$ cat entry-v4.csv   # CSV, C-alpha atoms and all ligand atoms
chain,number,residue,atom,x,y,z
A,1,MET,CA,107.8,61.0,45.2
A,2,ILE,CA,109.2,62.3,41.9
A,3,ILE,CA,110.4,59.8,39.3
A,4,CYS,CA,112.4,60.9,36.2
A,5,ILE,CA,111.9,58.9,33.0
A,6,THR,CA,114.1,59.4,30.0
A,7,ALA,CA,112.0,59.9,26.8
A,8,ASP,CA,111.9,60.7,23.2
A,9,GLY,CA,109.0,63.1,23.6
A,10,PRO,CA,107.6,65.6,26.1
A,11,ASP,CA,104.6,63.6,27.6
A,12,SER,CA,103.6,60.4,29.2
A,13,GLY,CA,102.7,58.8,25.9
A,14,ALA,CA,106.2,59.2,24.5
A,15,GLN,CA,108.6,56.3,24.0
A,16,VAL,CA,111.2,55.7,26.7
A,17,GLN,CA,114.7,56.6,25.5
A,18,PRO,CA,117.2,54.1,26.7
A,19,ARG,CA,120.3,56.3,26.5
A,20,PHE,CA,120.2,58.5,29.6
A,21,GLY,CA,122.4,61.5,28.7
A,22,ARG,CA,121.3,61.6,25.1
A,23,ALA,CA,117.5,61.5,25.8
A,24,ALA,CA,115.7,64.4,24.2
A,25,TYR,CA,113.4,64.8,27.3
A,26,PHE,CA,113.3,64.0,31.0
A,27,VAL,CA,109.7,63.4,32.0
A,28,PHE,CA,109.2,63.9,35.8
A,29,ALA,CA,106.3,62.0,37.2
A,30,ASP,CA,105.0,63.3,40.6
A,31,THR,CA,103.1,60.5,42.2
A,32,GLU,CA,101.6,62.6,44.9
A,33,LYS,CA,100.2,65.2,42.6
A,34,GLY,CA,99.6,62.8,39.7
A,35,THR,CA,101.3,65.1,37.2
A,36,PHE,CA,103.9,64.8,34.5
A,37,GLU,CA,106.4,67.6,33.8
A,38,ALA,CA,108.7,67.3,30.8
A,39,VAL,CA,112.0,69.1,30.7
A,40,LYS,CA,114.1,69.3,27.5
A,41,ASN,CA,117.5,67.8,28.1
A,42,PRO,CA,119.9,70.7,27.7
A,43,VAL,CA,122.9,68.5,26.9
A,44,ALA,CA,121.3,66.0,24.5
A,45,ASP,CA,123.5,67.1,21.7
A,46,ALA,CA,126.5,68.4,23.7
A,47,GLN,CA,130.0,67.1,23.0
A,48,GLY,CA,131.4,65.9,26.2
A,49,GLY,CA,130.7,65.7,29.9
A,50,VAL,CA,127.1,64.9,29.2
A,51,GLY,CA,126.4,62.5,32.0
A,52,PRO,CA,127.2,64.7,35.1
A,53,ARG,CA,125.2,67.6,33.6
A,54,ALA,CA,122.2,65.4,32.8
A,55,VAL,CA,122.3,64.1,36.4
A,56,GLN,CA,122.3,67.7,37.5
A,57,THR,CA,119.0,68.3,35.7
A,58,VAL,CA,117.5,65.2,37.4
A,59,ILE,CA,118.6,66.4,40.8
A,60,ASP,CA,117.5,70.0,40.3
A,61,HIS,CA,113.9,68.8,39.6
A,62,GLY,CA,113.7,66.9,42.8
A,63,ALA,CA,113.6,63.4,41.5
A,64,THR,CA,114.5,60.6,43.9
A,65,ALA,CA,114.2,57.8,41.3
A,66,LEU,CA,115.3,57.5,37.7
A,67,VAL,CA,114.1,55.1,35.0
A,68,THR,CA,116.2,54.7,31.9
A,69,GLY,CA,118.0,52.1,29.8
A,70,GLN,CA,121.7,52.7,30.3
A,71,VAL,CA,124.0,55.2,31.9
A,72,GLY,CA,127.7,56.0,31.3
A,73,GLY,CA,130.5,55.8,33.9
A,74,ASN,CA,130.5,59.5,35.1
A,75,ALA,CA,126.7,59.6,35.2
A,76,ALA,CA,126.6,56.4,37.2
A,77,SER,CA,129.0,57.9,39.8
A,78,ALA,CA,127.0,61.0,40.0
A,79,ILE,CA,123.7,59.1,40.4
A,80,GLN,CA,125.2,56.9,43.1
A,81,ALA,CA,126.6,59.9,45.0
A,82,SER,CA,123.3,61.7,44.8
A,83,GLY,CA,121.4,58.8,46.4
A,84,ILE,CA,118.9,58.7,43.4
A,85,ARG,CA,117.6,55.2,42.9
A,86,ALA,CA,118.2,54.1,39.2
A,87,CYS,CA,116.1,51.4,37.6
A,88,ALA,CA,116.5,49.8,34.2
A,89,PHE,CA,113.7,49.8,31.7
A,90,LYS,CA,114.8,47.5,28.8
A,91,GLY,CA,113.1,47.3,25.5
A,92,GLN,CA,110.3,49.5,24.1
A,93,GLY,CA,107.4,51.2,25.9
A,94,THR,CA,105.8,54.5,26.8
A,95,VAL,CA,106.6,56.7,29.7
A,96,SER,CA,103.3,55.7,31.4
A,97,ALA,CA,104.1,52.0,30.9
A,98,ALA,CA,107.6,52.5,32.4
A,99,LEU,CA,106.1,54.4,35.4
A,100,SER,CA,103.5,51.6,36.0
A,101,ALA,CA,106.2,49.0,35.9
A,102,PHE,CA,108.4,51.0,38.3
A,103,LEU,CA,105.6,51.5,40.8
A,104,ALA,CA,104.7,47.8,40.6
A,105,GLY,CA,108.3,47.1,41.6
A,106,GLU,CA,109.0,45.2,38.4
A,107,LEU,CA,112.1,47.1,37.3
A,108,PRO,CA,115.5,45.8,38.3
A,109,SER,CA,118.1,48.2,39.7
A,110,LEU,CA,120.4,49.7,37.1
A,111,LEU,CA,123.6,50.3,39.1
B,1,MET,CA,163.1,79.1,13.2
B,2,LYS,CA,160.2,76.8,13.9
B,3,ILE,CA,159.0,74.4,11.3
B,4,VAL,CA,155.8,72.4,12.0
B,5,VAL,CA,155.1,69.2,10.2
B,6,ALA,CA,151.3,68.6,10.0
B,7,SER,CA,148.7,66.6,8.1
B,8,GLY,CA,145.0,66.5,7.7
B,9,LYS,CA,144.7,63.0,8.9
B,10,GLY,CA,146.6,60.3,10.6
B,11,GLY,CA,148.8,57.7,8.9
B,12,THR,CA,150.2,60.0,6.1
B,13,GLY,CA,153.8,59.6,7.3
B,14,LYS,CA,154.0,63.0,9.0
B,15,THR,CA,156.1,61.6,11.9
B,16,MET,CA,158.5,59.9,9.4
B,17,VAL,CA,159.1,63.2,7.6
B,18,ALA,CA,159.7,65.0,10.9
B,19,ALA,CA,162.1,62.3,12.1
B,20,ASN,CA,164.1,62.2,8.9
B,21,LEU,CA,164.3,65.9,8.6
B,22,GLY,CA,165.5,66.3,12.2
B,23,TYR,CA,168.0,63.5,11.7
B,24,VAL,CA,169.5,65.0,8.5
B,25,LEU,CA,169.7,68.6,9.8
B,26,SER,CA,171.2,67.5,13.1
B,27,ARG,CA,174.3,66.4,11.3
B,28,ASP,CA,175.5,69.9,10.8
B,29,ARG,CA,173.6,72.1,13.2
B,30,LYS,CA,171.7,71.9,16.5
B,31,VAL,CA,168.1,70.8,16.0
B,32,THR,CA,165.3,70.2,18.5
B,33,LEU,CA,162.5,67.9,17.5
B,34,VAL,CA,159.2,68.3,19.4
B,35,ASP,CA,156.6,65.6,19.4
B,36,CYS,CA,153.3,67.5,19.8
B,37,ASP,CA,151.1,64.6,18.9
B,38,VAL,CA,150.6,64.1,22.7
B,39,GLU,CA,147.9,61.5,22.5
B,40,GLU,CA,150.0,59.2,20.4
B,41,PRO,CA,153.6,60.4,20.5
B,42,ASN,CA,155.8,58.2,18.2
B,43,LEU,CA,158.9,60.3,17.4
B,44,HIS,CA,160.8,58.7,20.3
B,45,LEU,CA,160.5,55.3,18.6
B,46,PHE,CA,162.9,56.5,16.0
B,47,PHE,CA,165.4,57.8,18.5
B,48,PRO,CA,165.8,55.5,21.5
B,49,ALA,CA,167.7,57.3,24.2
B,50,GLU,CA,167.7,58.0,27.9
B,51,THR,CA,164.9,60.4,28.8
B,52,VAL,CA,164.4,63.0,31.6
B,53,ASP,CA,160.7,63.3,32.4
B,54,GLU,CA,158.9,66.3,33.9
B,55,ALA,CA,155.3,66.2,35.0
B,56,VAL,CA,152.7,68.5,33.3
B,57,THR,CA,150.0,69.6,35.7
B,58,ALA,CA,146.7,71.4,35.2
B,59,GLU,CA,144.9,73.5,37.7
B,60,ASN,CA,141.8,71.8,39.2
B,61,PRO,CA,139.2,73.3,41.5
B,62,VAL,CA,139.0,72.2,45.2
B,63,PHE,CA,135.7,72.7,46.9
B,64,ASP,CA,135.6,73.7,50.6
B,65,PRO,CA,132.7,71.8,52.2
B,66,ALA,CA,132.7,74.2,55.1
B,67,LEU,CA,132.0,77.2,52.9
B,68,CYS,CA,129.9,75.6,50.1
B,69,THR,CA,126.1,76.2,50.3
B,70,GLN,CA,125.3,74.0,47.3
B,71,CYS,CA,124.0,77.0,45.5
B,72,GLY,CA,124.7,75.3,42.1
B,73,ALA,CA,126.4,78.3,40.4
B,74,CYS,CA,129.6,76.4,39.7
B,75,GLY,CA,127.8,73.4,38.2
B,76,LYS,CA,125.7,75.7,36.0
B,77,PHE,CA,128.8,77.5,34.8
B,78,CYS,CA,130.9,74.5,33.9
B,79,ARG,CA,130.1,73.6,30.3
B,80,TYR,CA,132.4,70.6,30.4
B,81,GLY,CA,130.2,68.8,32.9
B,82,ALA,CA,133.0,68.4,35.4
B,83,ILE,CA,130.8,69.5,38.3
B,84,THR,CA,127.6,68.0,39.7
B,85,VAL,CA,126.2,69.8,42.7
B,86,LEU,CA,124.4,67.3,45.0
B,87,ARG,CA,122.1,68.2,47.9
B,88,ASP,CA,124.9,67.9,50.4
B,89,ARG,CA,128.2,68.4,48.5
B,90,VAL,CA,129.9,69.1,45.2
B,91,LEU,CA,131.0,66.2,43.0
B,92,PHE,CA,134.0,66.9,40.8
B,93,PHE,CA,135.1,64.9,37.7
B,94,ALA,CA,138.7,65.8,37.3
B,95,GLU,CA,139.2,64.2,33.9
B,96,LEU,CA,136.4,66.4,32.4
B,97,CYS,CA,137.9,69.6,33.8
B,98,HIS,CA,139.5,72.0,31.2
B,99,SER,CA,141.1,74.2,33.9
B,100,CYS,CA,139.2,77.3,32.8
B,101,GLY,CA,139.0,78.6,36.4
B,102,GLY,CA,135.4,79.7,35.9
B,103,CYS,CA,134.0,77.8,38.9
B,104,ARG,CA,136.3,79.7,41.3
B,105,ILE,CA,135.3,83.0,39.8
B,106,VAL,CA,131.5,82.4,39.9
B,107,CYS,CA,131.3,80.9,43.4
B,108,PRO,CA,129.6,83.5,45.6
B,109,GLU,CA,131.0,81.9,48.8
B,110,GLY,CA,134.6,81.8,47.9
B,111,ALA,CA,134.5,78.0,48.5
B,112,VAL,CA,136.7,77.1,45.4
B,113,THR,CA,140.4,77.1,45.4
B,114,GLU,CA,142.8,75.5,42.9
B,115,THR,CA,145.5,72.8,43.0
B,116,GLY,CA,147.7,71.2,40.3
B,117,ARG,CA,147.0,67.7,39.1
B,118,ALA,CA,149.3,65.7,36.8
B,119,ILE,CA,147.7,65.1,33.4
B,120,GLY,CA,150.8,64.1,31.4
B,121,LYS,CA,154.6,64.6,31.1
B,122,VAL,CA,157.2,66.0,28.9
B,123,GLY,CA,160.3,63.8,28.2
B,124,THR,CA,163.6,65.3,27.0
B,125,SER,CA,166.5,63.3,25.5
B,126,HIS,CA,169.6,63.8,23.4
B,127,PRO,CA,169.7,60.8,21.1
B,128,LEU,CA,172.4,62.3,18.7
B,129,PRO,CA,175.1,64.9,19.2
B,130,GLY,CA,173.2,67.6,17.4
B,131,LEU,CA,169.7,66.5,18.2
B,132,THR,CA,167.4,67.1,21.2
B,133,LEU,CA,164.1,65.4,21.3
B,134,VAL,CA,161.2,66.7,23.4
B,135,SER,CA,158.1,64.6,23.6
B,136,GLY,CA,154.7,65.5,25.1
B,137,PHE,CA,152.7,62.6,26.6
B,138,LEU,CA,149.0,63.1,27.6
B,139,ASN,CA,147.8,60.6,30.2
B,140,GLU,CA,145.1,58.3,29.1
B,141,GLY,CA,141.6,59.5,29.7
B,142,GLU,CA,142.7,63.2,30.0
B,143,VAL,CA,141.3,65.9,27.7
B,144,GLN,CA,143.7,68.7,28.0
B,145,ALA,CA,146.0,68.0,25.1
B,146,PRO,CA,146.8,71.7,24.3
B,147,CYS,CA,148.1,72.0,27.9
B,148,VAL,CA,150.7,69.3,27.3
B,149,VAL,CA,151.6,70.7,23.8
B,150,ARG,CA,152.2,74.1,25.5
B,151,ALA,CA,154.5,72.5,28.0
B,152,ALA,CA,156.4,70.6,25.4
B,153,ARG,CA,156.9,73.7,23.3
B,154,ALA,CA,158.1,75.7,26.4
B,155,ALA,CA,160.6,72.9,27.2
B,156,ALA,CA,162.0,73.1,23.7
B,157,GLY,CA,162.4,76.8,23.7
B,158,ASP,CA,163.0,78.8,20.5
B,159,TYR,CA,166.6,78.1,19.6
B,160,PRO,CA,168.1,77.4,17.2
B,161,LEU,CA,166.0,75.3,14.9
B,162,VAL,CA,162.9,73.6,16.2
B,163,ILE,CA,160.9,71.0,14.2
B,164,LEU,CA,157.4,70.3,15.6
B,165,ASP,CA,155.4,67.2,14.8
B,166,ALA,CA,151.7,68.1,15.1
B,167,ALA,CA,148.9,65.7,15.8
B,168,PRO,CA,146.8,64.8,12.8
B,169,GLY,CA,143.7,66.9,12.0
B,170,VAL,CA,142.9,70.4,13.0
B,171,ALA,CA,141.8,70.1,16.7
B,172,CYS,CA,142.7,72.6,19.4
B,173,ALA,CA,146.0,70.8,20.1
B,174,VAL,CA,147.0,71.2,16.5
B,175,MET,CA,146.3,74.9,16.5
B,176,GLU,CA,148.3,75.2,19.7
B,177,THR,CA,151.2,73.5,17.9
B,178,ILE,CA,151.0,75.6,14.7
B,179,THR,CA,150.5,79.0,16.2
B,180,GLY,CA,153.7,81.0,16.2
B,181,CYS,CA,155.6,78.7,13.8
B,182,ASP,CA,157.4,80.2,10.8
B,183,LEU,CA,156.7,77.5,8.3
B,184,CYS,CA,154.4,74.5,7.8
B,185,ILE,CA,155.2,71.3,5.9
B,186,LEU,CA,152.0,69.5,5.1
B,187,VAL,CA,152.2,65.7,4.5
B,188,THR,CA,149.6,64.1,2.3
B,189,GLU,CA,148.8,61.1,0.1
B,190,SER,CA,147.4,61.8,-3.3
B,191,THR,CA,144.2,59.8,-2.6
B,192,PRO,CA,140.8,61.6,-2.7
B,193,SER,CA,140.4,61.3,1.1
B,194,GLY,CA,143.9,62.4,1.6
B,195,LEU,CA,143.3,65.6,-0.4
B,196,HIS,CA,140.0,66.2,1.4
B,197,ASP,CA,141.8,66.2,4.7
B,198,LEU,CA,144.7,68.2,3.3
B,199,ALA,CA,142.2,70.9,2.3
B,200,LEU,CA,141.1,71.2,6.0
B,201,ALA,CA,144.7,71.5,7.1
B,202,VAL,CA,145.5,74.1,4.5
B,203,GLU,CA,142.5,76.2,5.8
B,204,ALA,CA,143.9,76.0,9.3
B,205,VAL,CA,147.4,77.0,8.2
B,206,ARG,CA,146.0,79.9,6.1
B,207,MET,CA,143.9,81.2,9.0
B,208,LEU,CA,147.2,81.6,10.9
B,209,SER,CA,148.9,83.1,7.8
B,210,LEU,CA,151.7,80.6,7.9
B,211,PRO,CA,153.8,79.9,4.8
B,212,ALA,CA,153.3,76.3,3.8
B,213,GLY,CA,154.4,73.6,1.3
B,214,VAL,CA,153.4,70.0,0.7
B,215,VAL,CA,155.2,66.6,0.8
B,216,ILE,CA,153.4,63.9,-1.2
B,217,ASN,CA,154.0,60.6,0.5
B,218,ARG,CA,153.5,57.0,-0.8
B,219,SER,CA,153.3,58.3,-4.3
B,220,ASP,CA,152.5,55.8,-7.1
B,221,GLY,CA,153.7,58.2,-9.7
B,222,ARG,CA,150.2,59.4,-10.5
B,223,ASP,CA,149.9,62.5,-8.4
B,224,GLU,CA,148.0,64.8,-10.9
B,225,ALA,CA,145.2,65.3,-8.4
B,226,ALA,CA,147.5,66.3,-5.7
B,227,THR,CA,149.7,68.6,-7.8
B,228,ALA,CA,146.6,70.3,-9.3
B,229,PHE,CA,145.3,70.9,-5.7
B,230,CYS,CA,148.6,72.4,-4.8
B,231,ARG,CA,148.7,74.6,-7.8
B,232,GLU,CA,145.2,75.8,-7.1
B,233,HIS,CA,146.0,76.6,-3.6
B,234,ASP,CA,149.4,78.2,-4.4
B,235,LEU,CA,151.3,75.6,-2.4
B,236,PRO,CA,154.7,74.5,-3.5
B,237,VAL,CA,155.3,70.7,-3.7
B,238,LEU,CA,158.5,70.3,-1.7
B,239,MET,CA,159.1,66.6,-2.0
B,240,THR,CA,157.6,63.4,-3.4
B,241,ILE,CA,158.3,60.2,-1.6
B,242,PRO,CA,157.6,57.1,-3.7
B,243,PHE,CA,155.7,54.1,-2.5
B,244,GLY,CA,158.2,51.4,-2.0
B,245,ARG,CA,158.6,48.1,-0.2
B,246,GLU,CA,162.1,49.0,0.9
B,247,ILE,CA,160.9,52.3,2.5
B,248,ALA,CA,158.0,50.5,4.2
B,249,ALA,CA,160.4,47.9,5.6
B,250,ILE,CA,162.7,50.5,7.1
B,251,GLN,CA,159.8,52.3,8.6
B,252,ASN,CA,158.4,49.2,10.1
B,253,ARG,CA,161.5,48.4,12.1
B,254,GLY,CA,161.6,52.0,13.3
B,255,GLY,CA,164.5,53.0,11.0
B,256,LEU,CA,165.2,56.3,9.3
B,257,VAL,CA,165.2,56.2,5.5
B,258,ALA,CA,167.6,59.2,5.5
B,259,ARG,CA,170.1,57.1,7.3
B,260,ASP,CA,169.4,53.6,5.8
B,261,LEU,CA,168.5,54.3,2.2
B,262,PRO,CA,171.0,55.8,-0.3
B,263,GLY,CA,169.9,59.2,-1.8
B,264,PHE,CA,167.5,60.1,1.0
B,265,THR,CA,170.0,62.1,3.0
B,266,GLU,CA,170.2,64.5,0.1
B,267,LYS,CA,166.4,64.4,-0.4
B,268,PHE,CA,165.7,65.5,3.1
B,269,ALA,CA,168.4,68.1,3.1
B,270,ALA,CA,166.8,69.5,0.0
B,271,LEU,CA,163.4,69.5,1.6
B,272,TYR,CA,164.7,71.9,4.2
B,273,THR,CA,166.4,74.3,1.8
B,274,ASP,CA,163.5,74.2,-0.7
B,275,ALA,CA,160.9,74.7,2.1
B,276,VAL,CA,162.8,77.8,3.4
B,277,ARG,CA,163.4,79.1,-0.1
B,278,LEU,CA,160.0,78.4,-1.7
B,279,CYS,CA,158.0,79.6,1.3
B,280,GLY,CA,160.1,82.8,1.5
B,281,VAL,CA,161.1,82.4,5.1
B,282,LYS,CA,164.3,84.1,6.4
B,283,GLU,CA,166.6,81.7,8.1
C,1,LIG,S1,137.9,75.0,36.1
C,1,LIG,FE1,136.4,75.3,34.5
C,1,LIG,S2,136.3,73.3,33.5
C,1,LIG,FE2,137.2,72.9,35.5
C,1,LIG,S3,135.5,72.4,36.8
C,1,LIG,FE3,135.8,74.6,37.0
C,1,LIG,S4,134.4,75.5,35.5
C,1,LIG,FE4,134.6,73.3,35.0
C,2,LIG,S1,129.3,77.9,43.5
C,2,LIG,FE1,130.4,77.7,45.4
C,2,LIG,S2,128.8,77.7,47.0
C,2,LIG,FE2,127.8,77.3,45.0
C,2,LIG,S3,127.8,75.1,44.9
C,2,LIG,FE3,129.6,75.7,43.8
C,2,LIG,S4,131.2,75.6,45.4
C,2,LIG,FE4,129.3,75.5,46.5

$ encode --input "entry-v4.csv" --output "structure tokens"
Amino acid sequence: MIICITADGPDSGAQVQPRFGRAAYFVFADTEKGTFEAVKNPVADAQGGVGPRAVQTVIDHGATALVTGQVGGNAASAIQASGIRACAFKGQGTVSAALSAFLAGELPSLL
Amino acid sequence: MKIVVASGKGGTGKTMVAANLGYVLSRDRKVTLVDCDVEEPNLHLFFPAETVDEAVTAENPVFDPALCTQCGACGKFCRYGAITVLRDRVLFFAELCHSCGGCRIVCPEGAVTETGRAIGKVGTSHPLPGLTLVSGFLNEGEVQAPCVVRAARAAAGDYPLVILDAAPGVACAVMETITGCDLCILVTESTPSGLHDLALAVEAVRMLSLPAGVVINRSDGRDEAATAFCREHDLPVLMTIPFGREIAAIQNRGGLVARDLPGFTEKFAALYTDAVRLCGVKE
């Protein structure tokens, strides 16, 4: 399973970024391979239509789950339509901590 | 002749100038006022009248699920984020679409066609014998203001005298309004922030090589900064409207100072002749 976590930096030790579309990086954790792959968010500084394009990046990297703080309306529709499971990570923490919490089933559903 | 009334920022009294100018000129010639501030059209509040509406539509893509292979080309192309390609279908966000037509062109399967969708309307009325009012309205949540401006301008035509009320600022919709006009009246206040925004508007007008003059509104009599700015930028000061409780009161109830306050009919008539003369435009 591939889980996407929105982050300020490009690795598992980076802080989770709560704003989905504006996150600098998407860190993709592959639980089968035990690897982390960071992808720079191409639309972090774009003007409009950020949400759907950010969701596209998540889909294109094969994620079936997303961990972030909050998503906008268009992003929410796109996530829902894509079948990706979105979970809320509130407060501060690293990507690894968020992943552990997700895998332990501690994170509530976001949508 | 097309005269556009513009300002660097909102709340300078731009619409008031356009309304009064239109009113005064309509007494002895045919004038068309065009409200191009389509996100917040206000001119009609000065001229209540029966209106005929026409829808403004924009072309939107339609994706044929039978032909689409979810290759992702359209989503990659759309820089407005209006398309997300899912594993089994394409998701389209109509209110983000700018009708560029690109997705139809890049689709390798010919799966994209286009259809019109209403994004606003243009209302036309004849509130006074010499006056036609054309107002553009952009529906809430829509982004294609320039499209509605274009429709309003087309509905107004070119003849005989057209006065356009532009949106504040220098966004795309404003450029769409200013382009092709003969003369620009810039409305400002002589505060530092007012002059800063005026400078931006002047730049836009110069870029389109449009003759321009300035109306100083809500003047407290100390307009040195504004007049110095105009001198530096070679802009004639066409009119100075004082700050006054009476003027504000008339404004607040949607009245026209040119109709309701002595002396202002002449002032606005002079604004027109001065603008034409000082800016060197042939009538
Ligand atoms: S027409 Fe242009 S803006 Fe609209 S969805 Fe297609 S590519 Fe995007
Ligand atoms: S480009 Fe055409 S085939 Fe490819 S995803 Fe878009 S609509 Fe489908």

$ residues_near_point --input "entry-v4.csv" --point "(111.5, 59.6, 26.5)" --cutoff "7 Å" --atoms "only C-alpha atoms" --output "PyMOL selection string"
chain A and resi 5-9+14-17+23-27+95

$ interface_residues --input "entry-v4.csv" --of "chain B" --to "chain A" --cutoff "7 Å" --atoms "only C-alpha atoms" --output "PDB file with C-alpha atoms, in the coordinates of the input"
ATOM      1  CA  TYR B  80     132.400  70.600  30.400  1.00  0.00           C
ATOM      2  CA  GLY B  81     130.200  68.800  32.900  1.00  0.00           C
ATOM      3  CA  ALA B  82     133.000  68.400  35.400  1.00  0.00           C
ATOM      4  CA  ILE B  83     130.800  69.500  38.300  1.00  0.00           C
ATOM      5  CA  THR B  84     127.600  68.000  39.700  1.00  0.00           C
ATOM      6  CA  VAL B  85     126.200  69.800  42.700  1.00  0.00           C
ATOM      7  CA  LEU B  86     124.400  67.300  45.000  1.00  0.00           C
ATOM      8  CA  LEU B  96     136.400  66.400  32.400  1.00  0.00           C
TER       9      LEU B  96
END

$ closest_residue --input "entry-v4.csv" --among "B:Asp234, B:Glu109, B:Glu54, B:Asp37" --to "ligand LIG 2 (chain C)" --atoms "only C-alpha atoms and all ligand atoms"
B:Glu109

$ residues_near_ligand --input "entry-v4.csv" --ligand "ligand LIG 2 (chain C)" --cutoff "8 Å" --atoms "only C-alpha atoms and all ligand atoms" --output "number ranges by chain"
B: 63-65, 67-75, 85, 89-90, 103-104, 106-112

$ atom_distance --input "entry-v4.csv" --atom1 "atom CA of B:Ala19" --atom2 "atom CA of B:Ser209"
25.0 Å

$ atom_distance --input "entry-v4.csv" --atom1 "atom CA of A:Val58" --atom2 "atom CA of B:Asp88"
15.2 Å

$ atom_distance --input "entry-v4.csv" --atom1 "atom CA of B:Ser135" --atom2 "atom CA of B:Asp182"
20.2 Å

$ closest_residue --input "entry-v4.csv" --among "B:Val5, B:Ala55, B:Val143, B:Arg27" --to "ligand LIG 1 (chain C)" --atoms "all atoms listed in the file"
B:Val143

$ residues_around --input "entry-v4.csv" --residues "B:Leu186" --least-positions-apart "4" --cutoff "10 Å" --atoms "only C-alpha atoms" --output "JSON, numbers by chain"
{"B": [4, 5, 6, 7, 8, 12, 14, 17, 198, 201, 202, 205, 212, 213, 214, 215, 216, 235, 237, 238]}

$ write_last_selection --input "entry-v4.csv" --atoms "C-alpha atoms" --output "PDB file, keeping the file's coordinate frame"
ATOM      1  CA  VAL B   4     155.800  72.400  12.000  1.00  0.00           C
ATOM      2  CA  VAL B   5     155.100  69.200  10.200  1.00  0.00           C
ATOM      3  CA  ALA B   6     151.300  68.600  10.000  1.00  0.00           C
ATOM      4  CA  SER B   7     148.700  66.600   8.100  1.00  0.00           C
ATOM      5  CA  GLY B   8     145.000  66.500   7.700  1.00  0.00           C
ATOM      6  CA  THR B  12     150.200  60.000   6.100  1.00  0.00           C
ATOM      7  CA  LYS B  14     154.000  63.000   9.000  1.00  0.00           C
ATOM      8  CA  VAL B  17     159.100  63.200   7.600  1.00  0.00           C
ATOM      9  CA  LEU B 198     144.700  68.200   3.300  1.00  0.00           C
ATOM     10  CA  ALA B 201     144.700  71.500   7.100  1.00  0.00           C
ATOM     11  CA  VAL B 202     145.500  74.100   4.500  1.00  0.00           C
ATOM     12  CA  VAL B 205     147.400  77.000   8.200  1.00  0.00           C
ATOM     13  CA  ALA B 212     153.300  76.300   3.800  1.00  0.00           C
ATOM     14  CA  GLY B 213     154.400  73.600   1.300  1.00  0.00           C
ATOM     15  CA  VAL B 214     153.400  70.000   0.700  1.00  0.00           C
ATOM     16  CA  VAL B 215     155.200  66.600   0.800  1.00  0.00           C
ATOM     17  CA  ILE B 216     153.400  63.900  -1.200  1.00  0.00           C
ATOM     18  CA  LEU B 235     151.300  75.600  -2.400  1.00  0.00           C
ATOM     19  CA  VAL B 237     155.300  70.700  -3.700  1.00  0.00           C
ATOM     20  CA  LEU B 238     158.500  70.300  -1.700  1.00  0.00           C
TER      21      LEU B 238
END

$ closest_residue --input "entry-v4.csv" --among "B:Ile250, B:Leu161, B:Ala270, B:Val170" --to "B:Leu200" --atoms "only C-alpha atoms"
B:Val170

$ closest_residue --input "entry-v4.csv" --among "B:Arg206, B:His98, B:Arg87, B:His126" --to "ligand LIG 1 (chain C)" --atoms "only C-alpha atoms and all ligand atoms"
B:His98

$ residues_near_point --input "entry-v4.csv" --point "(174.9, 71.1, 19.3)" --cutoff "12 Å" --atoms "all atoms listed in the file" --output "list of chain:residue names"
B:Leu25, B:Ser26, B:Arg27, B:Asp28, B:Arg29, B:Lys30, B:Val31, B:Thr32, B:His126, B:Pro127, B:Leu128, B:Pro129, B:Gly130, B:Leu131, B:Thr132, B:Tyr159, B:Pro160, B:Leu161

$ residues_around --input "entry-v4.csv" --residues "B:Lys267" --least-positions-apart "3" --cutoff "8 Å" --atoms "only C-alpha atoms" --output "list of chain:residue names"
B:Met239, B:Ala258, B:Gly263, B:Phe264, B:Ala270, B:Leu271

$ closest_residue --input "entry-v4.csv" --among "A:Pro108, A:Pro10, A:Pro42, A:Gly72" --to "A:Cys87" --atoms "all atoms listed in the file"
A:Pro108

$ closest_residue --input "entry-v4.csv" --among "B:Thr15, B:Phe93, B:Ile3, B:Leu21" --to "ligand LIG 1 (chain C)" --atoms "only C-alpha atoms and all ligand atoms"
B:Phe93

$ residues_around --input "entry-v4.csv" --residues "A:Val67" --least-positions-apart "4" --cutoff "12 Å" --atoms "all atoms listed in the file" --output "number ranges by chain"
A: 2-7, 16-20, 23, 26-29, 58, 63, 71, 79, 84-90, 93-103, 105-111
